[in-house]
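Asks: The file below is run-v3.cif, mmCIF, C-alpha atoms:
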```
data_final
#
loop_
_atom_site.group_PDB
_atom_site.id
_atom_site.type_symbol
_atom_site.label_atom_id
_atom_site.label_comp_id
_atom_site.auth_asym_id
_atom_site.auth_seq_id
_atom_site.Cartn_x
_atom_site.Cartn_y
_atom_site.Cartn_z
ATOM 1 C CA MET A 22 36.797 134.186 -27.913
ATOM 2 C CA GLU A 23 34.035 136.604 -27.115
ATOM 3 C CA ALA A 24 32.687 136.647 -23.589
ATOM 4 C CA GLY A 25 29.922 134.109 -23.131
ATOM 5 C CA GLU A 26 30.992 132.008 -26.102
ATOM 6 C CA THR A 27 33.647 130.051 -24.243
ATOM 7 C CA SER A 28 31.581 126.930 -23.770
ATOM 8 C CA ALA A 29 30.512 126.827 -27.422
ATOM 9 C CA ALA A 30 34.120 127.312 -28.488
ATOM 10 C CA TYR A 31 35.296 124.368 -26.421
ATOM 11 C CA VAL A 32 32.542 122.196 -27.873
ATOM 12 C CA GLN A 33 33.820 123.138 -31.338
ATOM 13 C CA PHE A 34 37.447 122.478 -30.324
ATOM 14 C CA GLU A 35 36.418 119.046 -29.054
ATOM 15 C CA LYS A 36 34.586 118.301 -32.304
ATOM 16 C CA VAL A 37 37.593 119.262 -34.447
ATOM 17 C CA PHE A 38 39.945 117.316 -32.169
ATOM 18 C CA MET A 39 37.821 114.160 -32.309
ATOM 19 C CA GLU A 40 36.602 114.219 -35.914
ATOM 20 C CA TYR A 41 39.540 115.606 -37.896
ATOM 21 C CA PRO A 42 42.698 114.071 -36.390
ATOM 22 C CA GLU A 43 44.735 114.496 -39.599
ATOM 23 C CA SER A 44 44.208 118.249 -39.696
ATOM 24 C CA PHE A 45 46.488 120.910 -38.270
ATOM 25 C CA GLU A 46 43.360 122.418 -36.753
ATOM 26 C CA ALA A 47 43.033 119.291 -34.581
ATOM 27 C CA LEU A 48 46.416 120.087 -33.046
ATOM 28 C CA SER A 49 45.359 123.697 -32.436
ATOM 29 C CA ALA A 50 42.123 122.453 -30.875
ATOM 30 C CA LEU A 51 44.067 119.993 -28.710
ATOM 31 C CA ARG A 52 46.311 122.797 -27.480
ATOM 32 C CA ALA A 53 43.301 124.969 -26.659
ATOM 33 C CA LEU A 54 41.685 122.127 -24.720
ATOM 34 C CA LEU A 55 44.890 121.407 -22.811
ATOM 35 C CA ASP A 56 45.444 125.113 -22.084
ATOM 36 C CA ALA A 57 41.944 125.183 -20.597
ATOM 37 C CA GLU A 58 42.921 122.132 -18.496
ATOM 38 C CA MET A 59 40.162 120.063 -20.032
ATOM 39 C CA ASP A 60 40.389 116.280 -20.137
ATOM 40 C CA VAL A 61 41.150 114.885 -23.574
ATOM 41 C CA ASP A 62 40.911 111.381 -24.936
ATOM 42 C CA GLN A 63 44.467 110.046 -24.799
ATOM 43 C CA TYR A 64 44.022 107.745 -27.773
ATOM 44 C CA GLN A 65 42.823 110.618 -29.919
ATOM 45 C CA ARG A 66 45.610 112.827 -28.561
ATOM 46 C CA GLY A 67 48.140 110.225 -29.649
ATOM 47 C CA ILE A 68 46.660 110.086 -33.147
ATOM 48 C CA VAL A 69 46.611 113.877 -33.504
ATOM 49 C CA ASN A 70 50.185 114.184 -32.245
ATOM 50 C CA TYR A 71 51.318 111.360 -34.533
ATOM 51 C CA ASN A 72 49.698 113.002 -37.555
ATOM 52 C CA GLN A 73 51.510 116.246 -36.764
ATOM 53 C CA GLY A 74 54.913 114.550 -36.402
ATOM 54 C CA GLN A 75 55.036 114.849 -32.621
ATOM 55 C CA TYR A 76 56.052 111.248 -32.178
ATOM 56 C CA ASP A 77 57.380 111.367 -28.595
ATOM 57 C CA ILE A 78 54.126 112.887 -27.370
ATOM 58 C CA ALA A 79 52.131 110.416 -29.475
ATOM 59 C CA VAL A 80 53.888 107.448 -27.838
ATOM 60 C CA GLN A 81 53.269 108.859 -24.357
ATOM 61 C CA ALA A 82 49.587 109.515 -25.044
ATOM 62 C CA LEU A 83 48.991 106.107 -26.627
ATOM 63 C CA LEU A 84 50.784 104.307 -23.793
ATOM 64 C CA THR A 85 48.667 106.269 -21.303
ATOM 65 C CA HIS A 86 45.587 105.171 -23.244
ATOM 66 C CA LEU A 87 46.690 101.524 -23.105
ATOM 67 C CA ALA A 88 47.426 101.769 -19.381
ATOM 68 C CA SER A 89 43.838 102.910 -18.837
ATOM 69 C CA GLN A 90 42.482 99.682 -20.354
ATOM 70 C CA GLU A 91 41.574 96.860 -17.992
ATOM 71 C CA ASP A 92 42.776 94.366 -20.576
ATOM 72 C CA ILE A 93 45.117 95.233 -23.430
ATOM 73 C CA ARG A 94 42.991 93.065 -25.722
ATOM 74 C CA GLN A 95 40.139 95.542 -25.192
ATOM 75 C CA ASP A 96 42.016 97.790 -27.539
ATOM 76 C CA ASN A 97 42.738 97.182 -31.199
ATOM 77 C CA PRO A 98 45.936 96.589 -33.143
ATOM 78 C CA LEU A 99 45.818 100.072 -34.663
ATOM 79 C CA THR A 100 46.905 101.593 -31.349
ATOM 80 C CA HIS A 101 49.973 99.378 -31.330
ATOM 81 C CA LEU A 102 50.688 100.090 -34.980
ATOM 82 C CA TYR A 103 50.706 103.823 -34.249
ATOM 83 C CA ILE A 104 53.030 103.276 -31.288
ATOM 84 C CA ALA A 105 55.411 101.192 -33.403
ATOM 85 C CA ARG A 106 55.382 103.713 -36.243
ATOM 86 C CA ALA A 107 56.003 106.584 -33.829
ATOM 87 C CA TYR A 108 58.941 104.712 -32.274
ATOM 88 C CA ARG A 109 60.299 104.106 -35.753
ATOM 89 C CA ALA A 110 59.908 107.762 -36.693
ATOM 90 C CA ILE A 111 62.004 108.835 -33.703
ATOM 91 C CA GLY A 112 64.633 106.253 -34.571
ATOM 92 C CA ASN A 113 63.925 103.703 -31.846
ATOM 93 C CA LEU A 114 63.836 100.691 -34.146
ATOM 94 C CA SER A 115 64.193 98.159 -31.334
ATOM 95 C CA ALA A 116 61.110 99.513 -29.560
ATOM 96 C CA ALA A 117 59.224 99.606 -32.874
ATOM 97 C CA LEU A 118 60.109 95.982 -33.581
ATOM 98 C CA THR A 119 59.137 94.884 -30.069
ATOM 99 C CA GLU A 120 55.769 96.644 -30.365
ATOM 100 C CA LEU A 121 55.091 95.039 -33.747
ATOM 101 C CA GLN A 122 56.045 91.591 -32.478
ATOM 102 C CA ALA A 123 53.727 92.019 -29.496
ATOM 103 C CA THR A 124 50.931 93.174 -31.804
ATOM 104 C CA VAL A 125 51.003 90.073 -33.964
ATOM 105 C CA VAL A 126 51.044 87.865 -30.866
ATOM 106 C CA ARG A 127 48.278 89.688 -28.955
ATOM 107 C CA PHE A 128 45.862 89.997 -31.840
ATOM 108 C CA LYS A 129 44.455 87.848 -34.628
ATOM 109 C CA PRO A 130 43.592 88.492 -38.289
ATOM 110 C CA GLU A 131 39.943 89.015 -37.412
ATOM 111 C CA ASP A 132 40.923 91.934 -35.158
ATOM 112 C CA GLY A 133 41.432 94.133 -38.201
ATOM 113 C CA GLU A 134 43.620 94.780 -41.198
ATOM 114 C CA GLU A 135 46.216 96.383 -38.946
ATOM 115 C CA TRP A 136 47.235 92.888 -37.814
ATOM 116 C CA GLY A 137 48.461 92.070 -41.322
ATOM 117 C CA ASN A 138 49.964 95.529 -41.720
ATOM 118 C CA ALA A 139 51.991 94.917 -38.557
ATOM 119 C CA PHE A 140 53.765 92.031 -40.322
ATOM 120 C CA LEU A 141 54.631 94.250 -43.285
ATOM 121 C CA ASP A 142 55.923 96.961 -40.960
ATOM 122 C CA MET A 143 57.867 94.372 -38.960
ATOM 123 C CA ALA A 144 59.687 93.171 -42.078
ATOM 124 C CA SER A 145 60.440 96.743 -43.067
ATOM 125 C CA VAL A 146 61.902 97.503 -39.631
ATOM 126 C CA GLN A 147 63.938 94.290 -39.687
ATOM 127 C CA ALA A 148 65.396 95.281 -43.045
ATOM 128 C CA GLU A 149 66.111 98.795 -41.797
ATOM 129 C CA MET A 150 67.941 97.271 -38.827
ATOM 130 C CA GLY A 151 70.090 95.292 -41.266
ATOM 131 C CA ASP A 152 68.475 91.908 -40.673
ATOM 132 C CA VAL A 153 67.314 91.387 -44.258
ATOM 133 C CA GLU A 154 67.003 87.610 -43.932
ATOM 134 C CA ALA A 155 64.644 88.040 -40.977
ATOM 135 C CA ALA A 156 62.607 90.443 -43.110
ATOM 136 C CA PHE A 157 62.330 87.859 -45.894
ATOM 137 C CA GLU A 158 61.383 85.180 -43.362
ATOM 138 C CA THR A 159 58.698 87.425 -41.849
ATOM 139 C CA LEU A 160 57.187 88.183 -45.254
ATOM 140 C CA ASP A 161 57.388 84.594 -46.492
ATOM 141 C CA THR A 162 55.912 83.123 -43.303
ATOM 142 C CA PHE A 163 53.127 85.679 -43.209
ATOM 143 C CA ARG A 164 52.215 85.034 -46.848
ATOM 144 C CA GLU A 165 52.313 81.244 -46.467
ATOM 145 C CA GLN A 166 50.199 81.253 -43.306
ATOM 146 C CA ASN A 167 47.731 83.922 -44.431
ATOM 147 C CA PRO A 168 47.280 83.615 -48.203
ATOM 148 C CA ALA A 169 43.693 84.900 -48.106
ATOM 149 C CA LEU A 170 44.559 88.208 -46.430
ATOM 150 C CA PRO A 171 44.977 91.205 -48.730
ATOM 151 C CA GLN A 172 48.432 91.886 -47.273
ATOM 152 C CA ALA A 173 49.689 88.568 -48.701
ATOM 153 C CA VAL A 174 49.954 90.266 -52.088
ATOM 154 C CA ASP A 175 51.719 93.217 -50.475
ATOM 155 C CA ALA A 176 54.132 90.821 -48.746
ATOM 156 C CA LEU A 177 55.142 89.360 -52.114
ATOM 157 C CA ALA A 178 55.639 92.805 -53.636
ATOM 158 C CA GLN A 179 57.556 94.028 -50.580
ATOM 159 C CA ALA A 180 59.816 90.960 -50.625
ATOM 160 C CA GLY A 181 60.493 91.458 -54.341
ATOM 161 C CA SER A 182 61.338 95.114 -53.829
ATOM 162 C CA LEU A 183 63.584 94.275 -50.894
ATOM 163 C CA ALA A 184 65.421 91.672 -52.961
ATOM 164 C CA LEU A 185 65.907 94.251 -55.728
ATOM 165 C CA ALA A 186 67.219 96.790 -53.214
ATOM 166 C CA GLU A 187 69.665 94.174 -51.974
ATOM 167 C CA GLY A 188 70.825 93.476 -55.527
ATOM 168 C CA ASP A 189 69.479 89.928 -55.492
ATOM 169 C CA ILE A 190 67.907 89.952 -58.953
ATOM 170 C CA GLU A 191 67.223 86.222 -59.022
ATOM 171 C CA ARG A 192 65.382 86.295 -55.721
ATOM 172 C CA ALA A 193 63.432 89.392 -56.767
ATOM 173 C CA ALA A 194 62.451 87.735 -60.043
ATOM 174 C CA GLY A 195 61.149 84.730 -58.108
ATOM 175 C CA TYR A 196 58.928 86.911 -55.936
ATOM 176 C CA PHE A 197 57.636 88.906 -58.890
ATOM 177 C CA ARG A 198 56.979 85.751 -60.937
ATOM 178 C CA THR A 199 54.974 84.337 -58.050
ATOM 179 C CA LEU A 200 53.122 87.613 -57.734
ATOM 180 C CA ALA A 201 52.240 87.601 -61.429
ATOM 181 C CA ALA A 202 51.237 83.922 -61.431
ATOM 182 C CA GLU A 203 49.128 84.000 -58.255
ATOM 183 C CA HIS A 204 47.644 87.468 -58.558
ATOM 184 C CA ALA A 205 47.463 88.276 -62.266
ATOM 185 C CA ASP A 206 43.891 89.525 -61.877
ATOM 186 C CA GLU A 207 44.740 92.093 -59.193
#
```
So, in terms of structure tokens, how does the structure I just supplied come out?

Replies:
Amino acid sequence: MEAGETSAAYVQFEKVFMEYPESFEALSALRALLDAEMDVDQYQRGIVNYNQGQYDIAVQALLTHLASQEDIRQDNPLTHLYIARAYRAIGNLSAALTELQATVVRFKPEDGEEWGNAFLDMASVQAEMGDVEAAFETLDTFREQNPALPQAVDALAQAGSLALAEGDIERAAGYFRTLAAEHADE
């Protein structure tokens, strides 16, 4: 940075950090802001770190963000979804499952599409942990209780794919038949 342009540079770093969290440049901007000992939004830091595969740091930043909230319900389910996905990425399936379970209890469908996505992720984690029947139960219960949500279709498809992966052709066929009968126009 040229002398005298420091303040403008940090404004630009902040803009990149806040507006382009999927970019590598956001991580570079975050590092520059941290090196300058500037305060950064911990939620955004968690998203940037998550997008760059820095899952441990993402979890820490997002938990710090949540701790700063007066009430956890002030936040949205996306924060918890990122935490769960980061835990899963580092191999802590139990923590991922716990975070997903808490998400679906704390929030409601009207809090955003992430609520429904949390159910799909929960079933996927359950299957990855070897509890395939719990995964089927999660998907079936979600679909039965929330047929109007867009993820209900995804739950059917996910259950069918899981049954195929498990070699249960009959069960898979049942899910796919239901999918075709109930959602032929989609």

Asks: What's the separation between atom CA of Ser182 of chain A and atom CA of Thr124 of chain A, in Å to one decimal place?

Replies: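 It comes out at 24.4 Å.
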
Asks: Hey, can you pull every residue with an atom no more than 10 Å from (63.8, 94.9, -44.1), using all atoms listed in the file, and send it as a list in words?

Replies: Leu141, Asp142, Met143, Ala144, Ser145, Val146, Gln147, Ala148, Glu149, Met150, Gly151, Asp152, Val153, Glu154, Ala155, Ala156, Phe157, Thr159, Leu160, Gln179, Ala180, Leu183, Ala184, Ala186 and Glu187 of chain A

Asks: Taking into account only C-alpha atoms, which residue in the set A:Ser89, A:Leu177, A:Pro168, A:Tyr71 is nearest to Ala105 of chain A?

Replies: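 Once distances to Ala105 of chain A are computed over only C-alpha atoms, the minimum belongs to A:Tyr71.
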
Asks: Compare A:Glu40, A:Asp189, A:Asp175, A:Asp60 by their minimum atom-to-atom distance to Gly137 of chain A, counting only C-alpha atoms, and give me the closest one.

Replies: A:Asp175

Asks: Which residues, named as in the file, does the PyMOL selection byres ((chain A and resi 173) around 12) pick out? Answer as a CSV table (one decimal) with C-alpha atoms, in the frame of the given file.

Replies:
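expr_25.csv was written with the following content:
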```
chain,number,residue,atom,x,y,z
A,134,GLU,CA,43.6,94.8,-41.2
A,136,TRP,CA,47.2,92.9,-37.8
A,137,GLY,CA,48.5,92.1,-41.3
A,138,ASN,CA,50.0,95.5,-41.7
A,140,PHE,CA,53.8,92.0,-40.3
A,141,LEU,CA,54.6,94.2,-43.3
A,159,THR,CA,58.7,87.4,-41.8
A,160,LEU,CA,57.2,88.2,-45.3
A,161,ASP,CA,57.4,84.6,-46.5
A,162,THR,CA,55.9,83.1,-43.3
A,163,PHE,CA,53.1,85.7,-43.2
A,164,ARG,CA,52.2,85.0,-46.8
A,165,GLU,CA,52.3,81.2,-46.5
A,166,GLN,CA,50.2,81.3,-43.3
A,167,ASN,CA,47.7,83.9,-44.4
A,168,PRO,CA,47.3,83.6,-48.2
A,169,ALA,CA,43.7,84.9,-48.1
A,170,LEU,CA,44.6,88.2,-46.4
A,171,PRO,CA,45.0,91.2,-48.7
A,172,GLN,CA,48.4,91.9,-47.3
A,174,VAL,CA,50.0,90.3,-52.1
A,175,ASP,CA,51.7,93.2,-50.5
A,176,ALA,CA,54.1,90.8,-48.7
A,177,LEU,CA,55.1,89.4,-52.1
A,178,ALA,CA,55.6,92.8,-53.6
A,179,GLN,CA,57.6,94.0,-50.6
A,180,ALA,CA,59.8,91.0,-50.6
A,196,TYR,CA,58.9,86.9,-55.9
A,199,THR,CA,55.0,84.3,-58.0
A,200,LEU,CA,53.1,87.6,-57.7
A,203,GLU,CA,49.1,84.0,-58.3
A,204,HIS,CA,47.6,87.5,-58.6
```

Asks: So, counting only C-alpha atoms, which residue among A:Ile78, A:Leu55, A:Pro130, A:Thr85 is closest to Asn97 of chain A?

Replies: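 Of A:Ile78, A:Leu55, A:Pro130, A:Thr85, the one nearest Asn97 of chain A is A:Pro130, counting only C-alpha atoms.
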
Asks: Can you measure atom CA of Glu158 of chain A to atom CA of Gln122 of chain A for me? One decimal in Å is fine.

Replies: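 A separation of 13.7 Å between them.
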
Asks: Interatomic distance between atom CA of Arg52 of chain A and atom CA of Tyr108 of chain A?

Replies: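 Pair atom CA of Arg52 of chain A / atom CA of Tyr108 of chain A returns 22.6 Å.
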
Asks: Under the rule that only C-alpha atoms are counted, which of A:Ala116, A:Leu99, A:Ala107, A:Met59 is the nearest residue to Gly133 of chain A?

Replies: A:Leu99

Asks: Show me, as a list in words, the residues that have an atom within 10 Å of Asp96 of chain A when counting all atoms listed in the file, minus same-chain residues fewer than 3 positions from it.

Replies: His86, Leu87, Gln90, Glu91, Asp92, Ile93, Leu99, Thr100, His101, Phe128 and Asp132 of chain A

Asks: Pick from A:Glu46, A:Glu120, A:Glu135, A:Asp77: nearest to Pro98 of chain A, with only C-alpha atoms counted?

Replies: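 Between A:Glu46, A:Glu120, A:Glu135, A:Asp77, the residue approaching Pro98 of chain A most closely is A:Glu135.
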
Asks: Residues picked by the PyMOL selection byres ((chain A and resi 79) around 12) here, as a VMD selection string?

Replies: chain A and resid 48 63 to 78 80 to 86 100 to 108 110 to 111

Asks: Taking the partial coordinates given, rebuild segment 41-63 of chain A to contain N, CA and C atoms; return it as a PDB file, keeping the file's coordinate frame.

Replies:
```
ATOM      1  N   TYR A  41      38.597 115.275 -36.826  1.00  0.00           N
ATOM      2  CA  TYR A  41      39.540 115.606 -37.896  1.00  0.00           C
ATOM      3  C   TYR A  41      40.985 115.453 -37.430  1.00  0.00           C
ATOM      4  N   PRO A  42      41.371 114.249 -36.997  1.00  0.00           N
ATOM      5  CA  PRO A  42      42.698 114.071 -36.390  1.00  0.00           C
ATOM      6  C   PRO A  42      43.875 114.307 -37.340  1.00  0.00           C
ATOM      7  N   GLU A  43      43.635 114.271 -38.655  1.00  0.00           N
ATOM      8  CA  GLU A  43      44.735 114.496 -39.599  1.00  0.00           C
ATOM      9  C   GLU A  43      45.002 115.979 -39.821  1.00  0.00           C
ATOM     10  N   SER A  44      44.089 116.824 -39.390  1.00  0.00           N
ATOM     11  CA  SER A  44      44.208 118.249 -39.696  1.00  0.00           C
ATOM     12  C   SER A  44      45.100 118.975 -38.689  1.00  0.00           C
ATOM     13  N   PHE A  45      45.712 120.062 -39.169  1.00  0.00           N
ATOM     14  CA  PHE A  45      46.488 120.910 -38.270  1.00  0.00           C
ATOM     15  C   PHE A  45      45.557 121.553 -37.244  1.00  0.00           C
ATOM     16  N   GLU A  46      44.328 121.816 -37.659  1.00  0.00           N
ATOM     17  CA  GLU A  46      43.360 122.418 -36.753  1.00  0.00           C
ATOM     18  C   GLU A  46      43.101 121.526 -35.536  1.00  0.00           C
ATOM     19  N   ALA A  47      43.214 120.206 -35.715  1.00  0.00           N
ATOM     20  CA  ALA A  47      43.033 119.291 -34.581  1.00  0.00           C
ATOM     21  C   ALA A  47      44.118 119.519 -33.535  1.00  0.00           C
ATOM     22  N   LEU A  48      45.331 119.802 -33.988  1.00  0.00           N
ATOM     23  CA  LEU A  48      46.416 120.087 -33.046  1.00  0.00           C
ATOM     24  C   LEU A  48      46.146 121.408 -32.331  1.00  0.00           C
ATOM     25  N   SER A  49      45.695 122.407 -33.058  1.00  0.00           N
ATOM     26  CA  SER A  49      45.359 123.697 -32.436  1.00  0.00           C
ATOM     27  C   SER A  49      44.227 123.516 -31.426  1.00  0.00           C
ATOM     28  N   ALA A  50      43.231 122.716 -31.785  1.00  0.00           N
ATOM     29  CA  ALA A  50      42.123 122.453 -30.875  1.00  0.00           C
ATOM     30  C   ALA A  50      42.615 121.710 -29.637  1.00  0.00           C
ATOM     31  N   LEU A  51      43.492 120.731 -29.839  1.00  0.00           N
ATOM     32  CA  LEU A  51      44.067 119.993 -28.710  1.00  0.00           C
ATOM     33  C   LEU A  51      44.783 120.948 -27.765  1.00  0.00           C
ATOM     34  N   ARG A  52      45.583 121.824 -28.316  1.00  0.00           N
ATOM     35  CA  ARG A  52      46.311 122.797 -27.480  1.00  0.00           C
ATOM     36  C   ARG A  52      45.352 123.683 -26.698  1.00  0.00           C
ATOM     37  N   ALA A  53      44.285 124.122 -27.348  1.00  0.00           N
ATOM     38  CA  ALA A  53      43.301 124.969 -26.659  1.00  0.00           C
ATOM     39  C   ALA A  53      42.639 124.199 -25.517  1.00  0.00           C
ATOM     40  N   LEU A  54      42.300 122.947 -25.767  1.00  0.00           N
ATOM     41  CA  LEU A  54      41.685 122.127 -24.720  1.00  0.00           C
ATOM     42  C   LEU A  54      42.643 121.896 -23.561  1.00  0.00           C
ATOM     43  N   LEU A  55      43.897 121.624 -23.858  1.00  0.00           N
ATOM     44  CA  LEU A  55      44.890 121.407 -22.811  1.00  0.00           C
ATOM     45  C   LEU A  55      45.160 122.698 -22.033  1.00  0.00           C
ATOM     46  N   ASP A  56      45.236 123.819 -22.753  1.00  0.00           N
ATOM     47  CA  ASP A  56      45.444 125.113 -22.084  1.00  0.00           C
ATOM     48  C   ASP A  56      44.304 125.427 -21.126  1.00  0.00           C
ATOM     49  N   ALA A  57      43.111 124.971 -21.456  1.00  0.00           N
ATOM     50  CA  ALA A  57      41.944 125.183 -20.597  1.00  0.00           C
ATOM     51  C   ALA A  57      41.841 124.096 -19.521  1.00  0.00           C
ATOM     52  N   GLU A  58      42.850 123.230 -19.468  1.00  0.00           N
ATOM     53  CA  GLU A  58      42.921 122.132 -18.496  1.00  0.00           C
ATOM     54  C   GLU A  58      41.715 121.203 -18.575  1.00  0.00           C
ATOM     55  N   MET A  59      41.271 120.990 -19.808  1.00  0.00           N
ATOM     56  CA  MET A  59      40.162 120.063 -20.032  1.00  0.00           C
ATOM     57  C   MET A  59      40.728 118.666 -20.279  1.00  0.00           C
ATOM     58  N   ASP A  60      39.976 117.656 -19.877  1.00  0.00           N
ATOM     59  CA  ASP A  60      40.389 116.280 -20.137  1.00  0.00           C
ATOM     60  C   ASP A  60      40.242 115.993 -21.630  1.00  0.00           C
ATOM     61  N   VAL A  61      41.222 115.292 -22.174  1.00  0.00           N
ATOM     62  CA  VAL A  61      41.150 114.885 -23.574  1.00  0.00           C
ATOM     63  C   VAL A  61      41.353 113.381 -23.669  1.00  0.00           C
ATOM     64  N   ASP A  62      40.762 112.803 -24.667  1.00  0.00           N
ATOM     65  CA  ASP A  62      40.911 111.381 -24.936  1.00  0.00           C
ATOM     66  C   ASP A  62      42.364 111.118 -25.331  1.00  0.00           C
ATOM     67  N   GLN A  63      43.043 110.278 -24.568  1.00  0.00           N
ATOM     68  CA  GLN A  63      44.467 110.046 -24.799  1.00  0.00           C
ATOM     69  C   GLN A  63      44.743 109.296 -26.101  1.00  0.00           C
TER      70      GLN A  63
END
```
